[in-house]
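One structure below.
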Amino acid sequence: MNIEKQKAIAKNVYDKLRLADPDCLLAGGAPRDWYFGEPCNDLDFYFCSTACTMSSTKRQLEAVGFEGVKHIADPYTSELYKSMEGLLRIWECEYDGMKVQFIQLCTPQNRWKVVDNMDISICKAYCKQSDMSIVLHKDFKLTVASGVMFLKAGYDWEQKHAMKMFERYQGKFAAGTKDQATDRLIRVALEGI
């Protein structure tokens with residue numbers, strides 16, 4: 001499936017999910033992949049729910065138009081999600097031929113920290129609801145400019161998600177620290193003077 005079709009599906013998901021949470025956010029892998037001109041594997045939407053229980057959250061997602069929603073993980077037990085703060089549950093369904101994950105946040109305040117809390121710089125991006133334009137976090141921009149991807153403080157390259165990104169972008173980006181990315185960028189800028 002091409003990027004334009006994926007973006008159209010993502011826009012439809014946004015439109016439906018906004019009925020449950022007007023401030024939901026498509027972030028992480030899809031915007032990153034689209035930025036690099038590649039189709040994504042799935043769509044990760046972050047949202048808050050007024051529903052308190054698992055069954056009521058599932059009913060809420062189904063009521064706004066998502067069929068076959070399944071609870072697939074809790075962040076504290078999932079190797080891919082436990083590095084992010086403020087997550088409550090991970091839900092999944094297929095929508096118009098795309099796998100969609102709904103990542104439920106603990107509190108509404110957490111939605112403003114979603115991108116900041118991502119574990120690796122190369123994933124820190126989101127799409128605007130209004131026009132599906134991609135917004136890059138300053139850490140993502142630093143990675144692209146320096147050629148060095150880096151982890152959030154307190155994380156290491158042995159974690160499952162970090163290893164996955166290292167393997168995927170090996171040869172394109174070096175694995176390092178934010179200081180190394182900054183130093184490399186400064187060094188290149190100074191060489192140009």
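In the structure tokens, chains take the letters A, B, ... in the order shown, each chain's residues start at 1, and ligands count up from 1 in the order shown.
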For Cys48 (chain A), please output as a list in words all residues within 8 Å (counting only C-alpha atoms; exclusion window: fewer than 5 positions along the same chain).
Ala20, Asp21, Cys24, Gln104, Leu105, Cys106, Thr107, Pro108 and Arg111 of chain A
Preceding selection exported with N, CA and C atoms as a PDB file, in the first residue's frame:
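Below is the file that was written, out30.pdb:
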ATOM      1  N   ALA A  20     -13.913  10.127  20.219  1.00  0.00           N
ATOM      2  CA  ALA A  20     -13.611   9.633  21.564  1.00  0.00           C
ATOM      3  C   ALA A  20     -12.622  10.541  22.287  1.00  0.00           C
ATOM      4  N   ASP A  21     -11.652  11.080  21.540  1.00  0.00           N
ATOM      5  CA  ASP A  21     -10.648  11.973  22.110  1.00  0.00           C
ATOM      6  C   ASP A  21     -10.251  12.997  21.055  1.00  0.00           C
ATOM      7  N   CYS A  24      -6.436  13.223  20.128  1.00  0.00           N
ATOM      8  CA  CYS A  24      -5.655  12.012  19.854  1.00  0.00           C
ATOM      9  C   CYS A  24      -4.484  12.363  18.932  1.00  0.00           C
ATOM     10  N   GLN A 104      -3.559   3.633  24.676  1.00  0.00           N
ATOM     11  CA  GLN A 104      -4.357   4.379  25.645  1.00  0.00           C
ATOM     12  C   GLN A 104      -3.445   4.969  26.714  1.00  0.00           C
ATOM     13  N   LEU A 105      -3.622   6.266  26.957  1.00  0.00           N
ATOM     14  CA  LEU A 105      -2.816   6.986  27.939  1.00  0.00           C
ATOM     15  C   LEU A 105      -3.518   7.014  29.291  1.00  0.00           C
ATOM     16  N   CYS A 106      -2.726   7.114  30.349  1.00  0.00           N
ATOM     17  CA  CYS A 106      -3.281   7.132  31.711  1.00  0.00           C
ATOM     18  C   CYS A 106      -4.083   8.399  31.989  1.00  0.00           C
ATOM     19  N   THR A 107      -3.554   9.540  31.567  1.00  0.00           N
ATOM     20  CA  THR A 107      -4.221  10.816  31.834  1.00  0.00           C
ATOM     21  C   THR A 107      -4.135  11.705  30.600  1.00  0.00           C
ATOM     22  N   PRO A 108      -5.054  12.667  30.478  1.00  0.00           N
ATOM     23  CA  PRO A 108      -5.006  13.577  29.332  1.00  0.00           C
ATOM     24  C   PRO A 108      -3.690  14.357  29.244  1.00  0.00           C
ATOM     25  N   ARG A 111      -0.779  13.068  26.888  1.00  0.00           N
ATOM     26  CA  ARG A 111      -0.772  13.167  25.420  1.00  0.00           C
ATOM     27  C   ARG A 111       0.194  14.236  24.950  1.00  0.00           C
TER      28      ARG A 111
END
Write down as JSON, numbers by chain the residues belonging to region 25-80 of chain A that are assigned strand (DSSP E or B) by DSSP computed on the backbone.
{"A": [25, 26, 27, 42, 43, 44, 45, 46, 47, 70, 71, 72, 73]}
With N, CA and C atoms kept, could you save the residues just selected as a PDB file, in the first residue's frame?
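What landed in out-v1.pdb:
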ATOM      1  N   LEU A  25      -3.502  11.482  18.884  1.00  0.00           N
ATOM      2  CA  LEU A  25      -2.266  11.795  18.177  1.00  0.00           C
ATOM      3  C   LEU A  25      -1.722  10.575  17.446  1.00  0.00           C
ATOM      4  N   LEU A  26      -1.416  10.723  16.162  1.00  0.00           N
ATOM      5  CA  LEU A  26      -0.722   9.694  15.382  1.00  0.00           C
ATOM      6  C   LEU A  26       0.763  10.027  15.469  1.00  0.00           C
ATOM      7  N   ALA A  27       1.539   9.151  16.091  1.00  0.00           N
ATOM      8  CA  ALA A  27       2.950   9.457  16.339  1.00  0.00           C
ATOM      9  C   ALA A  27       3.817   8.215  16.186  1.00  0.00           C
ATOM     10  N   ASP A  42       2.238  -0.054  10.378  1.00  0.00           N
ATOM     11  CA  ASP A  42       1.003   0.133  11.132  1.00  0.00           C
ATOM     12  C   ASP A  42       0.871   1.588  11.541  1.00  0.00           C
ATOM     13  N   LEU A  43      -0.267   1.916  12.122  1.00  0.00           N
ATOM     14  CA  LEU A  43      -0.548   3.267  12.594  1.00  0.00           C
ATOM     15  C   LEU A  43      -0.694   3.216  14.106  1.00  0.00           C
ATOM     16  N   ASP A  44       0.086   4.023  14.815  1.00  0.00           N
ATOM     17  CA  ASP A  44       0.027   4.077  16.275  1.00  0.00           C
ATOM     18  C   ASP A  44      -0.646   5.375  16.703  1.00  0.00           C
ATOM     19  N   PHE A  45      -1.870   5.256  17.194  1.00  0.00           N
ATOM     20  CA  PHE A  45      -2.623   6.406  17.675  1.00  0.00           C
ATOM     21  C   PHE A  45      -2.636   6.411  19.196  1.00  0.00           C
ATOM     22  N   TYR A  46      -2.304   7.541  19.774  1.00  0.00           N
ATOM     23  CA  TYR A  46      -2.298   7.726  21.226  1.00  0.00           C
ATOM     24  C   TYR A  46      -3.562   8.484  21.588  1.00  0.00           C
ATOM     25  N   PHE A  47      -4.266   7.998  22.618  1.00  0.00           N
ATOM     26  CA  PHE A  47      -5.534   8.620  22.971  1.00  0.00           C
ATOM     27  C   PHE A  47      -5.817   8.453  24.458  1.00  0.00           C
ATOM     28  N   LYS A  70      -9.117  -5.403  19.766  1.00  0.00           N
ATOM     29  CA  LYS A  70      -8.639  -6.366  20.773  1.00  0.00           C
ATOM     30  C   LYS A  70      -7.628  -5.681  21.685  1.00  0.00           C
ATOM     31  N   HIS A  71      -7.688  -6.028  22.946  1.00  0.00           N
ATOM     32  CA  HIS A  71      -6.648  -5.596  23.879  1.00  0.00           C
ATOM     33  C   HIS A  71      -5.461  -6.516  23.638  1.00  0.00           C
ATOM     34  N   ILE A  72      -4.298  -5.956  23.265  1.00  0.00           N
ATOM     35  CA  ILE A  72      -3.162  -6.817  22.928  1.00  0.00           C
ATOM     36  C   ILE A  72      -2.030  -6.777  23.936  1.00  0.00           C
ATOM     37  N   ALA A  73      -1.966  -5.723  24.747  1.00  0.00           N
ATOM     38  CA  ALA A  73      -0.856  -5.656  25.700  1.00  0.00           C
ATOM     39  C   ALA A  73      -1.092  -4.567  26.726  1.00  0.00           C
TER      40      ALA A  73
END
Gln129 (chain A) surroundings by only C-alpha atoms, 12 Å radius, close-in-sequence under 3 positions cut, as an MDAnalysis selection string:
chainID A and resid 7:8 10:18 22:27 45 126 132:135
With distances taken over only C-alpha atoms, which residue among A:Glu38, A:Asp119, A:Glu191, A:Asp33 lies nearest Asp156 (chain A)?
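The shortest atom-to-atom distance to Asp156 (chain A) comes from A:Asp119.
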Residues of region 6-117 of chain A in alpha helix (DSSP H) according to DSSP, as a ChimeraX atom specification?
/A:6-17,29-35,54-63
Can those selected residues be exported to a file as a short mmCIF file (atom, residue, chain, number, x, y, z; two decimals), in the first residue's frame so that it contains C-alpha atoms?
data_model
loop_
_atom_site.label_atom_id
_atom_site.label_comp_id
_atom_site.auth_asym_id
_atom_site.auth_seq_id
_atom_site.Cartn_x
_atom_site.Cartn_y
_atom_site.Cartn_z
CA GLN A 6 -1.93 5.05 4.16
CA LYS A 7 -2.28 8.76 4.94
CA ALA A 8 -5.89 8.71 3.72
CA ILE A 9 -6.64 5.76 6.01
CA ALA A 10 -4.86 7.51 8.90
CA LYS A 11 -6.97 10.64 8.30
CA ASN A 12 -10.15 8.53 8.46
CA VAL A 13 -8.95 6.93 11.71
CA TYR A 14 -8.19 10.39 13.09
CA ASP A 15 -11.69 11.58 12.17
CA LYS A 16 -13.34 8.65 13.95
CA LEU A 17 -11.03 8.56 16.99
CA GLY A 29 6.71 4.86 13.27
CA ALA A 30 4.22 5.93 10.59
CA PRO A 31 5.27 9.61 10.48
CA ARG A 32 8.93 8.53 10.63
CA ASP A 33 8.56 6.08 7.76
CA TRP A 34 6.58 8.56 5.66
CA TYR A 35 9.23 11.23 6.26
CA MET A 54 -11.29 -2.40 29.62
CA SER A 55 -14.74 -3.43 28.45
CA SER A 56 -16.04 0.16 28.40
CA THR A 57 -12.95 1.38 26.50
CA LYS A 58 -13.43 -1.40 23.95
CA ARG A 59 -17.10 -0.43 23.56
CA GLN A 60 -16.11 3.22 23.14
CA LEU A 61 -13.63 2.38 20.34
CA GLU A 62 -16.25 0.19 18.65
CA ALA A 63 -18.92 2.90 19.01
#
Kindly indicate which residue among A:Ala189, A:Leu87, A:Ile122, A:Leu19 lies nearest to Met149 (chain A), using only C-alpha atoms for the distances.
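Of all the options, A:Ile122 lies closest to Met149 (chain A).
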Closest to Ser121 (chain A) among A:Val64, A:Val100, A:Leu151, A:Ile193, using only C-alpha atoms?
A:Leu151
Neighbouring residues of Phe150 (chain A) were defined as those with any atom within 8 Å, considering only C-alpha atoms; residues of the same chain fewer than 2 positions away were excluded. Please report them as a JSON list (two decimals) with N, CA and C atoms, in the first residue's frame.
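The resulting file, around-v9.json, is reproduced below:
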[["chain", "number", "residue", "atom", "x", "y", "z"],
["A", 120, "ILE", "N", 13.58, 6.64, 21.53],
["A", 120, "ILE", "CA", 14.68, 6.82, 20.58],
["A", 120, "ILE", "C", 14.39, 7.99, 19.65],
["A", 121, "SER", "N", 15.39, 8.78, 19.39],
["A", 121, "SER", "CA", 15.22, 10.03, 18.65],
["A", 121, "SER", "C", 14.60, 9.84, 17.27],
["A", 122, "ILE", "N", 14.89, 8.76, 16.62],
["A", 122, "ILE", "CA", 14.44, 8.54, 15.25],
["A", 122, "ILE", "C", 12.92, 8.26, 15.16],
["A", 143, "THR", "N", 19.06, 14.08, 14.85],
["A", 143, "THR", "CA", 19.50, 12.79, 14.30],
["A", 143, "THR", "C", 19.71, 12.88, 12.79],
["A", 148, "VAL", "N", 23.40, 10.65, 13.79],
["A", 148, "VAL", "CA", 23.50, 9.88, 15.03],
["A", 148, "VAL", "C", 22.13, 9.80, 15.69],
["A", 152, "LYS", "N", 16.62, 8.17, 24.86],
["A", 152, "LYS", "CA", 16.21, 9.00, 25.99],
["A", 152, "LYS", "C", 17.08, 8.61, 27.19],
["A", 175, "ALA", "N", 24.55, 4.65, 16.10],
["A", 175, "ALA", "CA", 23.94, 4.63, 17.42],
["A", 175, "ALA", "C", 24.88, 5.35, 18.37],
["A", 176, "GLY", "N", 24.36, 6.29, 19.12],
["A", 176, "GLY", "CA", 25.21, 7.05, 20.03],
["A", 176, "GLY", "C", 24.41, 7.74, 21.10],
["A", 177, "THR", "N", 24.93, 8.90, 21.51],
["A", 177, "THR", "CA", 24.27, 9.69, 22.54],
["A", 177, "THR", "C", 23.90, 11.05, 21.95],
["A", 178, "LYS", "N", 23.06, 11.77, 22.66],
["A", 178, "LYS", "CA", 22.68, 13.11, 22.22],
["A", 178, "LYS", "C", 23.90, 14.02, 22.16],
["A", 181, "ALA", "N", 25.74, 13.32, 18.99],
["A", 181, "ALA", "CA", 25.04, 13.90, 17.84],
["A", 181, "ALA", "C", 25.31, 15.40, 17.78]]
At what distance in Å, to one decimal, does CA of Asp179 (chain A) lie from CA of Phe140 (chain A)?
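These two atoms are separated by 13.9 Å.
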Which is closest to Lys5 (chain A) among A:Ile90, A:Met118, A:Cys40, A:Cys123, if we use only C-alpha atoms?
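The answer is A:Cys40, which sits nearest to Lys5 (chain A).
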Counting only C-alpha atoms, the option among A:Leu190, A:Gly97, A:Met163, A:Cys52 closest to Asn2 (chain A)
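Looking at the shortest contact to Asn2 (chain A), the residue is A:Gly97.
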Could you tell me how far CA of Leu185 (chain A) lies from CA of His137 (chain A), in Å and to one decimal?
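Separating CA of Leu185 (chain A) from CA of His137 (chain A) is a distance of 16.5 Å.
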